[in-house]
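Comments concern the structure below.
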Amino acid sequence: MKNGLITLSQMQDGQQAVVSSVEGGRNLAEKLTAMGIRPGKLITRFCSMYMRGPITVRIDNVQVSLGRGIADKILVVPGGVTDANTACR
Amino acid sequence: MQILLAGNPGAGKSVLFARLTGSHVISGNYPGTAIGFSSGNMQVGRHKADVIDTPGVYSLESSGKAGEVARQMLRAGDIIINVVNATNLERDLYLTLELLEERIPIVVALNVWDDARHIGINIDLNALERMLSVPVIPTVATTGEGIKDLVESIPRALMRDNPASSREERWARIGDIIAQSQQVTHRHHTLGETLADATVKPLSGTLIALLVAMTVFLFVRYGGEALFRFVANPIFKTLWLPVVSWVSTLTGSSGFWHDILIGRLVNGQVDFVESWGLLTTALYVPFALVLPYIITFYFALGLLEDTGYLPRLAVMIDTIMHRFGMHGYAIIPTILGFGCNVPAMLATRVLESRKERFIAMTLIAIAVPCASLQALILGIVGQHGIQYVAIIYATLLLAWVIIGILLNLLVKGFTPELLIEIPPYRLFPWKLTLEKLWLRVRGFIIEAVPIMIIAIPVINILNMAGVFQAVANFTAPVVSGLLGLPKDAVAAIFVAFFRMDAAMALLAPLGLSAKQLVVSSTMLVMFFPCIATLAIMLREMGFWNLLKSLGIMILAGLTAGALLNLLPI
Ligand SMILES: Nc1nc2c(ncn2[C@@H]2O[C@H](COP(=O)(O)OP(=O)(O)OP(=O)(O)O)[C@@H](O)[C@H]2O)c(=O)[nH]1
Ligand SMILES: [Mg+2]
């Protein structure tokens with residue numbers, strides 16, 4: 001992906017990132033914004049289900065689970081991996 | 001005066017509503033519990049005011065039904081209590097800013113204040129109040145803290161009518177407000193959180209889900225049986241039976257009135273299941289056979305709902321549900337269906353696409369037996385051995401899977417991806433859970449008992465008039481030929497239309513073999529919904545879709561019945 005951006009799906013469990021943009025339509029961007037996922041926010045990918053199941057992320061005090069198709073559309077600037085507590089095991 | 005409670009999903013509107021009005025609405029710790037409006041009233045100073053609980057929305061611009069409804073509602077209110085979750089201040093303020101642009105007076109209830117304190121979020125109330133320029137009252141809806149202040153602040157509600165702004169402007173404004181009014185102290189992961197996390201991790205989460213499912217099943221099954229054996233049945237046998245026997249002798253042990261009140265005597269005795277009279281079956285079935293399971297089921301469901309486990313379950317099961325053309329959230333209406341199919345159909349409103357809703361509703365109607373029916377299946381089929389009950393459930397599960405896969409392939413439309421908020425766990429919400437249990441038990445009694453009392457004499461009279469026999473002769477080729485049942489069993493299908501449990505009770509006196517019972521109870525579950533479910537399905541999916549759905553049910557029911565009949569059970 002250009003400019004060092006990756007999608008939420010490409011992040012690792014336990015990794016942090018800053019949301020850059022949401023592709024694929026206003027509707028989705030709006031819904032995500034409402035739930036707290038919007039450009040500039042620090043997001044932690046907490047955990048993901050087997051077989052391309054949903055990914056659970058954290059933003060502030062909110063936990064949101066979203067399907068891979070949605071995660072594919074969220075572009076982020078990746079950061080480091082946080083403490084082991086948040087990793088998905 | 002109309003007071004509207006408005007706020008993001010899960011902010012605590014429904015609990016606050018109960019506090020303000022003293023009336024109860026069903027709430028639960030997962031988004032989308034309230035789909036309709038509830039209204040009640042309260043006293044504000046000397047005036048009486050209507051209070052309206054609304055479904056949660058994140059924004060007035062939200063697409064979809066919820067947003068539309070919220071916008072309509074706004075126009076009807078005189079004052080808004082904007083319920084804001086203090087632990088999600090930044091996010092919840094977006095709706096607040098939108099509301100402040102409307103021409104309507106507002107007070108802000110800064111709810112979940114207790115949790116905010118616990119997790120180290122400090123909010124400067126004065127600063128917040130100053131920046132929003134409306135009263136801000138911290139509240140804890142669950143304990144009642146701050147409610148008095150909130151009520152007193154209602155007359156001070158202010159209309160700001162701020163000029164309309166863009167999204168970016170609102171977020172920028174929220175940034176300012178947060179910077180000036182909120183401080184978050186960092187804190188370490190607690191043991192409780194580590195455990196909570198385990199329920200959404202793949203391996204531990206799957207194991208926990210299986211464990212929870214098994215525990216709930218065993219609890220409902222054996223808890224219900226214990227309530228029946230040690231409470232309900234003894235009450236009927238020792239206290240009510242003498243009264244009924246006395247009435248029986250008084251009315252001369254036979255004749256029209258005897259048949260209506262007591263029903264037929266079985267071997268010269270009153271039989272609470274088979275006699276089929278007003279004072280016998282019409283009371284015994286709902287109160288002794290069904291009520292114990294209603295109590296245990298709704299207690300377990302209430303705990304699952306209030307602790308916040310259900311949305312986690314939705315995450316765990318999402319991948320599987322996609323095979324059936326739905327996302328994981330569809331598991332919640334499905335689970336509700338095991339109590340009663342009617343609220344389950346309503347709960348499918350949280351599913352966004354028409355395809356998803358059609359599949360979810362059809363599958364619930366086909367493969368999810370309500371608590372009343374399950375109680376009778378356990379009671380009547382269970383007498384022949386638990387393996388027969390197991391065959392029924394296995395058949396239903398298989399039907400759910402097969403029909404789900406087929407519908408996913410055949411129904412046009414799309415299945416959206418899962419996108420849900422996972423609420424924090426709430427431990428031991430005993431008071432809420434018990435109140436809700438009472439609400440549901442009362443609902444069951446109010447709905448089921450009158451129908452039983454009307455249906456039983458009507459069925460009796462139809463029976464005396466020979467109507468069922470005539471129908472039975474007509475349908476005999478299918479009922480006896482295809483399904484291997486005595487032709488009189490067809491009466492149960494008609495009765496099932498009114499009450500599923502009564503239909504099972506009607507089968508009891510026919511002396512069916514275990515296999516015939518398996519076939520007929522599976523048919524009852526799958527073949528056709530009861531009238532209340534049918535009415536709600538008509539409203540929710542429309543006439544043509546309902547016809548399609550019914551076609552699938554009838555086909556599925558007959559196929560399952562015929563196949564079971566061929567099996568060497
Ligand atoms: N700790 C705490 N929990 C609360 C408080 N208020 C509500 N809750 C809990 O939050 C959860 C959601 O409450 P509801 O009243 O159903 O929320 P709602 O705003 O009606 O949600 P929707 O109807 O889905 O929009 C429940 O589990 C409540 O017990 C509070 O002040 N403190
Ligand atoms: Mg509510």
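In the structure tokens, each chain is lettered A, B, ... as it comes, each chain's residues begin at 1, and ligands are numbered from 1 in order of appearance.
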
Fill in: Close residues, Leu4 in chain B itself excluded, 7 Å, only C-alpha atoms, min 3 positions apart in chain, as a PyMOL selection string
chain B and resi 51-53+77+79-81

Which residues of chain A sit at most 9 Å from chain B, using only C-alpha atoms? Give each one's shortest atom pair and distance in Å (one decimal place), in chain and ascending residue order, as JSON lines.
```
{"residue": "A:Asn27", "atom": "CA", "partner": "B:Ser63", "partner_atom": "CA", "distance": 7.6}
{"residue": "A:Glu30", "atom": "CA", "partner": "B:Ser62", "partner_atom": "CA", "distance": 7.7}
{"residue": "A:Lys31", "atom": "CA", "partner": "B:Ser62", "partner_atom": "CA", "distance": 7.4}
{"residue": "A:Leu32", "atom": "CA", "partner": "B:Leu419", "partner_atom": "CA", "distance": 8.5}
{"residue": "A:Thr33", "atom": "CA", "partner": "B:Arg91", "partner_atom": "CA", "distance": 8.6}
{"residue": "A:Ala34", "atom": "CA", "partner": "B:Tyr58", "partner_atom": "CA", "distance": 5.4}
{"residue": "A:Met35", "atom": "CA", "partner": "B:Arg91", "partner_atom": "CA", "distance": 7.1}
{"residue": "A:Gly36", "atom": "CA", "partner": "B:Arg91", "partner_atom": "CA", "distance": 5.7}
{"residue": "A:Phe46", "atom": "CA", "partner": "B:Lys201", "partner_atom": "CA", "distance": 8.9}
{"residue": "A:Cys47", "atom": "CA", "partner": "B:Lys201", "partner_atom": "CA", "distance": 6.2}
{"residue": "A:Ser48", "atom": "CA", "partner": "B:Pro202", "partner_atom": "CA", "distance": 7.0}
{"residue": "A:Met49", "atom": "CA", "partner": "B:Pro202", "partner_atom": "CA", "distance": 5.1}
{"residue": "A:Tyr50", "atom": "CA", "partner": "B:Pro202", "partner_atom": "CA", "distance": 6.4}
{"residue": "A:Met51", "atom": "CA", "partner": "B:Thr319", "partner_atom": "CA", "distance": 7.3}
{"residue": "A:Arg52", "atom": "CA", "partner": "B:Thr319", "partner_atom": "CA", "distance": 7.7}
{"residue": "A:Gly53", "atom": "CA", "partner": "B:Thr319", "partner_atom": "CA", "distance": 5.3}
{"residue": "A:Pro54", "atom": "CA", "partner": "B:Val315", "partner_atom": "CA", "distance": 6.5}
{"residue": "A:Ile55", "atom": "CA", "partner": "B:Val315", "partner_atom": "CA", "distance": 8.5}
{"residue": "A:Thr56", "atom": "CA", "partner": "B:Val200", "partner_atom": "CA", "distance": 8.0}
{"residue": "A:Asp60", "atom": "CA", "partner": "B:Asn88", "partner_atom": "CA", "distance": 7.7}
{"residue": "A:Asn61", "atom": "CA", "partner": "B:Asn88", "partner_atom": "CA", "distance": 6.4}
{"residue": "A:Val62", "atom": "CA", "partner": "B:Asn88", "partner_atom": "CA", "distance": 7.2}
{"residue": "A:Gln63", "atom": "CA", "partner": "B:Ile422", "partner_atom": "CA", "distance": 5.2}
{"residue": "A:Val64", "atom": "CA", "partner": "B:Glu421", "partner_atom": "CA", "distance": 4.3}
{"residue": "A:Ser65", "atom": "CA", "partner": "B:Ile420", "partner_atom": "CA", "distance": 5.4}
{"residue": "A:Leu66", "atom": "CA", "partner": "B:Leu419", "partner_atom": "CA", "distance": 4.4}
{"residue": "A:Gly67", "atom": "CA", "partner": "B:Leu418", "partner_atom": "CA", "distance": 5.0}
{"residue": "A:Arg68", "atom": "CA", "partner": "B:Glu417", "partner_atom": "CA", "distance": 7.7}
{"residue": "A:Gly69", "atom": "CA", "partner": "B:Glu417", "partner_atom": "CA", "distance": 6.8}
{"residue": "A:Ile70", "atom": "CA", "partner": "B:Glu417", "partner_atom": "CA", "distance": 7.0}
{"residue": "A:Asn85", "atom": "CA", "partner": "B:Thr194", "partner_atom": "CA", "distance": 7.5}
{"residue": "A:Thr86", "atom": "CA", "partner": "B:Asp197", "partner_atom": "CA", "distance": 8.3}
{"residue": "A:Cys88", "atom": "CA", "partner": "B:Lys201", "partner_atom": "CA", "distance": 5.9}
{"residue": "A:Arg89", "atom": "CA", "partner": "B:Lys201", "partner_atom": "CA", "distance": 6.3}
```

Fill in: CA of Val108 in chain B to CA of Leu303 in chain B, distance in Å rounded to a single decimal
29.5 Å

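Each of B:Arg46, B:Gln387, B:Gly56, B:Ser181 was checked against ligand 2 using only C-alpha atoms and all ligand atoms; the smallest atom-to-atom distance is that of B:Gly56.
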
Worksheet item: DSSP on the backbone: what in range 46-80 of chain A comes out strand (DSSP E), as a list in words?
Response: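 Result set for range 46-80 of chain A (strand (DSSP E)): Phe46, Cys47, Ser48, Ile55, Thr56, Val57, Arg58, Ile59, Val62, Gln63, Val64, Ser65, Leu66, Ile74, Leu75, Val76, Val77, Pro78, Gly79 and Gly80 of chain A.
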
Generate the output file for the selected residues, all heavy atoms, as a CSV table (one decimal), in the first residue's frame.
```csv
chain,number,residue,atom,x,y,z
A,46,PHE,N,-7.0,-5.9,18.6
A,46,PHE,CA,-6.9,-6.7,19.8
A,46,PHE,C,-6.8,-8.2,19.4
A,46,PHE,O,-5.9,-8.9,19.9
A,46,PHE,CB,-8.1,-6.4,20.7
A,46,PHE,CG,-8.3,-7.4,21.8
A,46,PHE,CD1,-7.3,-7.8,22.6
A,46,PHE,CD2,-9.5,-8.0,21.9
A,46,PHE,CE1,-7.5,-8.7,23.6
A,46,PHE,CE2,-9.7,-9.0,22.9
A,46,PHE,CZ,-8.7,-9.3,23.8
A,47,CYS,N,-7.7,-8.7,18.6
A,47,CYS,CA,-7.9,-10.1,18.4
A,47,CYS,C,-8.6,-10.4,17.2
A,47,CYS,O,-9.4,-9.6,16.7
A,47,CYS,CB,-8.6,-10.7,19.6
A,47,CYS,SG,-8.3,-12.3,19.9
A,48,SER,N,-8.4,-11.6,16.6
A,48,SER,CA,-9.2,-12.0,15.4
A,48,SER,C,-9.6,-13.4,15.5
A,48,SER,O,-8.9,-14.2,16.1
A,48,SER,CB,-8.4,-11.7,14.2
A,48,SER,OG,-7.2,-12.3,14.2
A,55,ILE,N,-12.6,-9.2,13.4
A,55,ILE,CA,-11.5,-8.6,14.1
A,55,ILE,C,-12.0,-7.7,15.2
A,55,ILE,O,-13.0,-6.9,15.0
A,55,ILE,CB,-10.6,-7.8,13.2
A,55,ILE,CG1,-10.0,-8.7,12.1
A,55,ILE,CG2,-9.5,-7.1,14.0
A,55,ILE,CD1,-9.3,-7.9,11.0
A,56,THR,N,-11.5,-7.9,16.4
A,56,THR,CA,-11.9,-7.0,17.5
A,56,THR,C,-10.9,-5.9,17.7
A,56,THR,O,-9.7,-6.3,17.8
A,56,THR,CB,-12.2,-7.8,18.8
A,56,THR,OG1,-13.2,-8.8,18.5
A,56,THR,CG2,-12.7,-6.9,19.9
A,57,VAL,N,-11.3,-4.7,17.7
A,57,VAL,CA,-10.3,-3.6,17.9
A,57,VAL,C,-10.7,-2.7,19.1
A,57,VAL,O,-11.9,-2.8,19.6
A,57,VAL,CB,-10.3,-2.6,16.7
A,57,VAL,CG1,-9.8,-3.4,15.4
A,57,VAL,CG2,-11.6,-2.0,16.4
A,58,ARG,N,-9.8,-1.9,19.6
A,58,ARG,CA,-10.1,-1.0,20.7
A,58,ARG,C,-9.7,0.4,20.3
A,58,ARG,O,-8.7,0.7,19.7
A,58,ARG,CB,-9.2,-1.4,21.9
A,58,ARG,CG,-9.6,-2.7,22.5
A,58,ARG,CD,-8.9,-2.9,23.7
A,58,ARG,NE,-9.5,-4.0,24.4
A,58,ARG,CZ,-8.8,-5.0,25.1
A,58,ARG,NH1,-7.5,-4.8,25.2
A,58,ARG,NH2,-9.5,-6.0,25.6
A,59,ILE,N,-10.6,1.3,20.6
A,59,ILE,CA,-10.3,2.7,20.4
A,59,ILE,C,-10.9,3.4,21.7
A,59,ILE,O,-12.0,3.2,22.1
A,59,ILE,CB,-11.1,3.4,19.3
A,59,ILE,CG1,-11.5,2.4,18.2
A,59,ILE,CG2,-10.4,4.6,18.7
A,59,ILE,CD1,-12.9,1.8,18.4
A,62,VAL,N,-13.7,1.9,23.9
A,62,VAL,CA,-14.7,1.1,23.2
A,62,VAL,C,-14.0,-0.1,22.5
A,62,VAL,O,-12.9,0.0,22.0
A,62,VAL,CB,-15.3,2.0,22.1
A,62,VAL,CG1,-16.5,1.3,21.4
A,62,VAL,CG2,-15.8,3.3,22.7
A,63,GLN,N,-14.7,-1.2,22.5
A,63,GLN,CA,-14.3,-2.4,21.8
A,63,GLN,C,-15.3,-2.6,20.6
A,63,GLN,O,-16.5,-2.6,20.9
A,63,GLN,CB,-14.4,-3.6,22.6
A,63,GLN,CG,-13.1,-3.9,23.4
A,63,GLN,CD,-13.1,-5.3,23.9
A,63,GLN,OE1,-13.2,-6.3,23.2
A,63,GLN,NE2,-12.9,-5.4,25.2
A,64,VAL,N,-14.8,-2.7,19.4
A,64,VAL,CA,-15.7,-2.9,18.3
A,64,VAL,C,-15.2,-4.2,17.6
A,64,VAL,O,-14.0,-4.4,17.4
A,64,VAL,CB,-15.7,-1.7,17.3
A,64,VAL,CG1,-16.5,-2.0,16.1
A,64,VAL,CG2,-16.2,-0.5,18.0
A,65,SER,N,-16.2,-5.0,17.1
A,65,SER,CA,-15.8,-6.2,16.3
A,65,SER,C,-16.3,-5.9,14.9
A,65,SER,O,-17.5,-5.5,14.7
A,65,SER,CB,-16.5,-7.4,16.8
A,65,SER,OG,-15.8,-7.9,18.0
A,66,LEU,N,-15.5,-6.2,13.9
A,66,LEU,CA,-15.9,-5.9,12.6
A,66,LEU,C,-15.4,-7.0,11.6
A,66,LEU,O,-14.4,-7.6,11.8
A,66,LEU,CB,-15.4,-4.5,12.1
A,66,LEU,CG,-14.1,-4.0,12.6
A,66,LEU,CD1,-13.0,-4.6,11.8
A,66,LEU,CD2,-14.1,-2.5,12.5
A,74,ILE,N,-10.3,-0.2,6.0
A,74,ILE,CA,-9.8,0.8,6.9
A,74,ILE,C,-8.2,0.9,6.8
A,74,ILE,O,-7.5,-0.1,7.0
A,74,ILE,CB,-10.1,0.4,8.4
A,74,ILE,CG1,-11.6,0.3,8.5
A,74,ILE,CG2,-9.6,1.4,9.4
A,74,ILE,CD1,-12.1,-0.2,9.9
A,75,LEU,N,-7.8,2.1,6.3
A,75,LEU,CA,-6.3,2.3,6.1
A,75,LEU,C,-5.7,2.9,7.4
A,75,LEU,O,-6.3,3.8,8.0
A,75,LEU,CB,-6.1,3.2,4.9
A,75,LEU,CG,-6.6,2.6,3.6
A,75,LEU,CD1,-6.3,3.6,2.5
A,75,LEU,CD2,-6.0,1.2,3.3
A,76,VAL,N,-4.6,2.4,7.8
A,76,VAL,CA,-3.9,2.9,9.0
A,76,VAL,C,-2.4,3.1,8.8
A,76,VAL,O,-1.8,2.5,7.9
A,76,VAL,CB,-4.1,1.8,10.2
A,76,VAL,CG1,-5.6,1.6,10.5
A,76,VAL,CG2,-3.5,0.5,9.8
A,77,VAL,N,-1.9,3.9,9.6
A,77,VAL,CA,-0.4,4.1,9.7
A,77,VAL,C,0.0,3.2,10.8
A,77,VAL,O,-0.3,3.4,12.0
A,77,VAL,CB,0.0,5.5,10.0
A,77,VAL,CG1,1.5,5.7,10.0
A,77,VAL,CG2,-0.7,6.5,9.1
A,78,PRO,N,0.7,2.1,10.5
A,78,PRO,CA,1.0,1.1,11.5
A,78,PRO,C,2.0,1.6,12.6
A,78,PRO,O,2.9,2.3,12.2
A,78,PRO,CB,1.6,-0.1,10.7
A,78,PRO,CG,2.1,0.5,9.5
A,78,PRO,CD,1.2,1.7,9.2
A,79,GLY,N,1.9,1.1,13.8
A,79,GLY,CA,2.8,1.4,14.9
A,79,GLY,C,3.4,0.1,15.4
A,79,GLY,O,3.4,-0.9,14.7
A,80,GLY,N,3.8,0.2,16.6
A,80,GLY,CA,4.4,-1.0,17.2
A,80,GLY,C,3.4,-2.0,17.8
A,80,GLY,O,2.2,-1.8,17.8
```

Item to complete: Could you please extract the residues within 7 Å of ligand 2, counting only C-alpha atoms and all ligand atoms, and hand them back as a list of chain:residue names?
Response: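 Based on only C-alpha atoms and all ligand atoms, ligand 2 is surrounded within 7 Å by B:Gly10, B:Gly12, B:Lys13, B:Ser14, B:Ser27, B:Thr33, B:Ala34, B:Asp53, B:Thr54, B:Pro55, B:Gly56.
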
Output file for the residues above (C-alpha atoms, as a JSON list (two decimals), in the first residue's frame):
```
[["chain", "number", "residue", "atom", "x", "y", "z"],
["B", 10, "GLY", "CA", -26.08, 1.25, 25.51],
["B", 12, "GLY", "CA", -28.39, 3.57, 29.79],
["B", 13, "LYS", "CA", -31.61, 5.16, 28.50],
["B", 14, "SER", "CA", -33.82, 2.22, 29.32],
["B", 27, "SER", "CA", -33.14, -3.67, 28.70],
["B", 33, "THR", "CA", -32.28, -4.03, 22.74],
["B", 34, "ALA", "CA", -34.91, -1.36, 22.38],
["B", 53, "ASP", "CA", -37.50, 5.83, 25.76],
["B", 54, "THR", "CA", -36.04, 5.76, 22.25],
["B", 55, "PRO", "CA", -33.77, 3.29, 20.48],
["B", 56, "GLY", "CA", -30.11, 4.26, 20.64]]
```

Practice prompt. Please write out the residues within 9 Å of ligand 1 as a PyMOL selection string, counting only C-alpha atoms and all ligand atoms.
Written response: chain B and resi 5-18+25-35+53-57+83-86+110-116+138-145+305-308+423-426+429+432

Worksheet entry | helix (DSSP H, G or I) positions in chain A, given as number ranges by chain | A: 2-4, 8-10, 26-35, 68-71, 84-86

Fill in: Atom-to-atom span, CA of Lys237 in chain B and CA of Asn463 in chain B, Å
27.3 Å

Nearby residues (only C-alpha atoms) at most 12 Å from Pro242 in chain B, same-chain spacing under 6 positions excluded, as a short mmCIF file (atom, residue, chain, number, x, y, z; two decimals) with C-alpha atoms, in the first residue's frame:
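Dumped to selection-v9.cif:
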```
data_model
loop_
_atom_site.label_atom_id
_atom_site.label_comp_id
_atom_site.auth_asym_id
_atom_site.auth_seq_id
_atom_site.Cartn_x
_atom_site.Cartn_y
_atom_site.Cartn_z
CA ILE B 235 -49.35 -27.73 44.39
CA PHE B 236 -51.71 -29.05 41.75
CA SER B 248 -66.39 -33.15 39.12
CA THR B 249 -68.76 -34.96 41.47
CA GLN B 269 -60.04 -40.01 37.45
CA VAL B 270 -59.27 -36.39 36.65
CA LEU B 279 -60.12 -26.25 35.47
CA THR B 280 -57.76 -29.03 34.54
#
```

Which range 352-414 of chain B residues have any atom within 12 Å of an atom of range 519-532 of chain B, and for each, what is the nearest pair of atoms with distance in Å to one decimal, counting only C-alpha atoms, rows sorted by chain and number, as a tab-separated table?
```
residue	atom	partner	partner_atom	distance
B:Met361	CA	B:Pro529	CA	10.9
B:Thr362	CA	B:Pro529	CA	9.9
B:Leu363	CA	B:Met526	CA	9.3
B:Ile364	CA	B:Met526	CA	9.3
B:Ala365	CA	B:Pro529	CA	6.0
B:Ile366	CA	B:Met526	CA	4.3
B:Ala367	CA	B:Met526	CA	5.9
B:Val368	CA	B:Val525	CA	7.2
B:Pro369	CA	B:Val525	CA	5.6
B:Cys370	CA	B:Val525	CA	8.5
B:Ala371	CA	B:Val525	CA	11.3
B:Ser372	CA	B:Val525	CA	11.1
B:Leu373	CA	B:Val525	CA	7.8
B:Gln374	CA	B:Val525	CA	9.2
B:Ala375	CA	B:Ser521	CA	11.6
B:Leu376	CA	B:Ser521	CA	9.4
B:Ile377	CA	B:Ser521	CA	7.0
B:Leu378	CA	B:Ser521	CA	10.5
B:Gly379	CA	B:Ser521	CA	11.8
B:Ile380	CA	B:Ser521	CA	9.8
B:Val381	CA	B:Ser521	CA	8.4
B:Gly382	CA	B:Ser521	CA	11.6
B:Tyr388	CA	B:Val519	CA	10.0
B:Val389	CA	B:Ser521	CA	9.5
B:Ala390	CA	B:Thr522	CA	11.2
B:Ile391	CA	B:Thr522	CA	9.2
B:Ile392	CA	B:Thr522	CA	5.9
B:Tyr393	CA	B:Thr522	CA	8.4
B:Ala394	CA	B:Thr522	CA	10.2
B:Thr395	CA	B:Thr522	CA	7.7
B:Leu396	CA	B:Thr522	CA	7.5
B:Leu397	CA	B:Thr522	CA	11.3
B:Leu398	CA	B:Thr522	CA	12.0
B:Ala399	CA	B:Met526	CA	9.0
B:Trp400	CA	B:Met526	CA	10.1
B:Ile403	CA	B:Met526	CA	11.6
```

Got a sec: who's within 7 Å of Ala71 in chain A, counting only C-alpha atoms, leaving out chain neighbours fewer than 5 positions off, as a PDB file with N, CA, C and O atoms, in the first residue's frame?
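Once everything was written out, this is selection-v4.pdb:
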```pdb
ATOM      1  N   THR A   7      -3.848  -1.953   5.616  1.00  0.00           N
ATOM      2  CA  THR A   7      -5.243  -2.049   6.043  1.00  0.00           C
ATOM      3  C   THR A   7      -5.288  -2.679   7.430  1.00  0.00           C
ATOM      4  O   THR A   7      -4.324  -3.308   7.867  1.00  0.00           O
ATOM      5  N   LEU A   8      -6.413  -2.523   8.065  1.00  0.00           N
ATOM      6  CA  LEU A   8      -6.603  -3.115   9.391  1.00  0.00           C
ATOM      7  C   LEU A   8      -6.446  -4.636   9.310  1.00  0.00           C
ATOM      8  O   LEU A   8      -5.928  -5.263  10.227  1.00  0.00           O
ATOM      9  N   SER A   9      -6.865  -5.233   8.196  1.00  0.00           N
ATOM     10  CA  SER A   9      -6.724  -6.689   8.038  1.00  0.00           C
ATOM     11  C   SER A   9      -5.267  -7.104   8.026  1.00  0.00           C
ATOM     12  O   SER A   9      -4.928  -8.213   8.422  1.00  0.00           O
ATOM     13  N   LEU A  66     -15.473  -6.174  13.926  1.00  0.00           N
ATOM     14  CA  LEU A  66     -15.898  -5.931  12.553  1.00  0.00           C
ATOM     15  C   LEU A  66     -15.395  -7.020  11.619  1.00  0.00           C
ATOM     16  O   LEU A  66     -14.364  -7.644  11.844  1.00  0.00           O
TER      17      LEU A  66
END
```

Fill in: Gln15 in chain A surroundings by only C-alpha atoms, 6 Å radius, close-in-sequence under 6 positions cut, as a PyMOL selection string
chain A and resi 44-45+80-82
